[in-house]
Structure formats: structure tokens, C-alpha cells
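Chemist: Mind looking over this structure? Questions follow.
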Amino acid sequence: GAACCAELVRRAVPARATVRDARRAAGLAVAVDVVELDLTAGSAARRRALEGSECVILSANAVAPRSGDHPQAVDRAMVDLVGDAEAVGVRRLVLPSIPVTRADDAVPFARGRRALERRVLDSPLESWVLRFPPFMECWLALVGSSVPLRGEPHATIGRPSPFLRRFRGVTSRLVEDRGVMLVPGPAAHRHAFIAVGDAARACVAAALRPDAATDPLQVAGPEVLSWTDVSGAFAGVLGRRVRVLTTPAVVFAGAARLLGPVAEVPARTMALNYFMAAEATPWTDAGGGLVDPSSMTTVEQLLRAKAALPDRPPAVV
């Protein structure tokens, strides 16, 4: 969401951003109209926030919940928001989404996205559903590195999620300090990793185009890399050998089932790792026709740019 705002400002397009806590908008450009909104607050609050908008980029998600959050309520609220957008005269809706995999039914986040996709595609709104492969800034950090988070004040995995913070407290510098990457699934799995900024450029391009898509669109990153290739990129940037340690998909699936009845948020996190471990995304349609592939950021370029920044974790409200 923050990256989409930055791209809209760069293009001199008026932008409004909704946040639950105005302090989280401190890093946004002053040109962005910031509105405090909890998506689960009800239809009236959502409609007030949407009033006067021509297009909605629905980037909200419950992938890294805070303490006290109810992810299922957020998923339902986003489905209901589509109807709110219709009611107040929004013309277009752009939905960043995730790949379709055989693991979808076992992953609450994936099930929620599919329900939201169906609601968007069934709506009379002009719609773009963009399915993205793994975001570099998220998954290259989750394997055990703090480098991809440098300079990221709005990082998804920097959110104050208690479970995620405990996990990151143990693993956040394994790559830098011990030369170890913790990878979900086989090291040979290949993904068309995409930078958050490039995903935002695709969302904004879809928002501003005169046409609408009839079907979901895959938007790949500029190259397809295995986890072994990613370890090589880390090694080249950090100047040290980096080993890949893998965890089979079945381990995450079992952990998600075990935790489900007693700990929803950890269970959803394990299910998301299962989602990554079970399938690859070896897409070759870089940019999806929305972004020039030659202008997109590669894994090595991102890591080198981040490694040149101060080694300070982002402050997150």
C-alpha cells in the first residue's frame, strides 16, 4: 500500500490511504490524503473512506496479524468492501493477489484471497486481479536475513505481530551471521521473485489504464531463480558462503493442523509456509504487460542496494 502511494505521487495522481493508526502513515508523502479506518469497523465507516474515490487498490491483508486481530474478520470485511465501493460509485478496483496452487484449500490466507477474487470478478466494477509471485522484501527476509528490510518503514513482516516478532528474533540474521538460509520446501523450487516496488508499479498501471482485465493476470518478476540461486546472490553480496537448509512442506502442514484449534495466528503462519513449500512459481511473463521487464529489480540488485544501507531495523508502530 505504501509503495502504491509513492508511485501514485510520483505520477502526480491524487491518492488517499487508509490506515488503522495515523502514526503508521508518517513515512507517506505529504501529498497523500490519510484517513484512519479499521476495515472491520462496518460498512458506514468504509463508505465514508471510499467516498469520492475513482479507483481502489485493495492491498490490505491479514497475513501478519497484530495481537488481538481476527484475520477471518478482516477477510470478510474486504469482501464486503467491494459492495461498499459499488454503492458509493467507485469505478475500478485493483486487487493484488497470490498464485493459485494445489495447497489453496489448506491455507486460510489463500482461501480468503480466492473468495475476494471471486467477489471482485463478479462485481460490475472494472477490475484487475493481479497474481504476484513471492515478494523479495518479504521472503528473502523470512529465510533468515535482515538485509531486505533495510530502509523499509512499512515492511509487511516488520508489523508488530507477536508470533512473527518471536520468529524473527531467533532467525533474523542467520544468513549474515551464520551463512544459513531456512527455506520452505525444496532448494530447487524456482520462483519469479518480484520487488514490492515493481508490484506497486503494476498495481498503479492497472489502476490508470483505460481498459480492464477479464481474467486474473500473472505478473512475474524479471527472472526465475531457485532457492539455491538466491543463496548464491546472498553469497555474492555478503562475501561469504551461504548454505540452504530446507523444511519439507509436510512439516508446515502438520504444524498448521496441530496449532489450528488453539493458536489461530501461528497456525495461519505455518499454513502460509506450507503454501510456499508446496509449490513453485516459475513464471516467465515478467511485468505481466503492465511493467517493462527491463526496468524491474532483480534479486541481486535489491540485495546490493539494501546492503549499502545502514544496518538498522525499521521502526514499526
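So you can find residues: chains in the C-alpha cells are A, B, ... in the order shown, residues in each start at 1, and ligands are numbered from 1 in order.
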Using only C-alpha atoms, what does the table of stretch 181-284 of chain A residues within 12 Å of stretch 155-165 of chain A look like, with each row giving the shortest atom pair and its distance in Å to one decimal, sorted by chain and ascending number, as JSON lines?
Modeler:
{"residue": "A:Val196", "atom": "CA", "partner": "A:Ala155", "partner_atom": "CA", "distance": 9.6}
{"residue": "A:Gly197", "atom": "CA", "partner": "A:Ala155", "partner_atom": "CA", "distance": 11.7}
{"residue": "A:Ala263", "atom": "CA", "partner": "A:Phe163", "partner_atom": "CA", "distance": 10.1}
{"residue": "A:Glu264", "atom": "CA", "partner": "A:Phe163", "partner_atom": "CA", "distance": 10.6}
{"residue": "A:Val265", "atom": "CA", "partner": "A:Phe163", "partner_atom": "CA", "distance": 7.5}
{"residue": "A:Pro266", "atom": "CA", "partner": "A:Phe163", "partner_atom": "CA", "distance": 6.4}
{"residue": "A:Ala267", "atom": "CA", "partner": "A:Phe163", "partner_atom": "CA", "distance": 10.2}
{"residue": "A:Arg268", "atom": "CA", "partner": "A:Phe163", "partner_atom": "CA", "distance": 10.7}
{"residue": "A:Thr269", "atom": "CA", "partner": "A:Leu164", "partner_atom": "CA", "distance": 8.3}
{"residue": "A:Met270", "atom": "CA", "partner": "A:Leu164", "partner_atom": "CA", "distance": 10.8}
Chemist: If we count only C-alpha atoms, what is near A:Gly27 at a cut-off of 9 Å, once residues fewer than 6 positions away on the same chain are taken out, given as a count of residues only?
Modeler: 3
Chemist: Could you give me the residues within stretch 55-92 of chain A that DSSP places in strand (DSSP E), as a list in words?
Modeler: Cys55, Val56, Ile57 and Arg92 of chain A
Chemist: For A:Ala85, which residue among A:Asp21, A:Glu51, A:Asp38, A:Glu117 is the nearest when counting only C-alpha atoms?
Modeler: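 So, comparing all the options, the nearest one is A:Glu51.
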Chemist: Quick one: everything within 12 Å of A:Arg48, counting only C-alpha atoms, minus sequence neighbours fewer than 3 positions away in the same chain. Send it as a VMD selection string.
Modeler: chain A and resid 18 35 to 39 41 to 45 51 to 53 81 84 to 85 87 to 89
Chemist: Save out the residues we just selected, C-alpha atoms, as an mmCIF file, in the first residue's frame.
Modeler:
data_model
loop_
_atom_site.group_PDB
_atom_site.id
_atom_site.type_symbol
_atom_site.label_atom_id
_atom_site.label_comp_id
_atom_site.auth_asym_id
_atom_site.auth_seq_id
_atom_site.Cartn_x
_atom_site.Cartn_y
_atom_site.Cartn_z
ATOM 1 C CA THR A 18 -6.417 4.258 4.823
ATOM 2 C CA VAL A 35 -7.784 8.502 6.533
ATOM 3 C CA GLU A 36 -7.930 6.409 9.708
ATOM 4 C CA LEU A 37 -10.025 3.293 9.089
ATOM 5 C CA ASP A 38 -10.339 -0.143 10.617
ATOM 6 C CA LEU A 39 -11.766 -2.284 7.807
ATOM 7 C CA ALA A 41 -15.491 -1.165 11.718
ATOM 8 C CA GLY A 42 -18.517 -1.644 9.453
ATOM 9 C CA SER A 43 -19.953 -0.542 6.131
ATOM 10 C CA ALA A 44 -20.681 3.071 7.113
ATOM 11 C CA ALA A 45 -17.054 3.738 8.068
ATOM 12 C CA GLU A 51 -16.471 8.460 -0.920
ATOM 13 C CA GLY A 52 -15.211 10.385 -3.943
ATOM 14 C CA SER A 53 -12.669 7.755 -4.993
ATOM 15 C CA LEU A 81 -15.788 -3.554 0.976
ATOM 16 C CA ASP A 84 -19.329 -0.627 -0.393
ATOM 17 C CA ALA A 85 -17.218 0.501 -3.350
ATOM 18 C CA ALA A 87 -22.523 1.655 -3.527
ATOM 19 C CA VAL A 88 -20.515 4.901 -3.450
ATOM 20 C CA GLY A 89 -19.717 4.954 -7.166
#
Chemist: Report as a PyMOL selection string all protein, DNA and RNA residues lying within 12 Å of A:Asn273, evaluated on only C-alpha atoms, omitting residues in the same chain fewer than 5 positions from it.
Modeler: chain A and resi 63+103-104+106-110+134+139+142-143+182-185+246-256+266-268+278-279
Chemist: Quick one: residues within 12 Å of A:Arg150, only C-alpha atoms, excluding same-chain residues fewer than 6 positions away - as a ChimeraX atom specification?
Modeler: /A:137-138,140-141,158,302-315
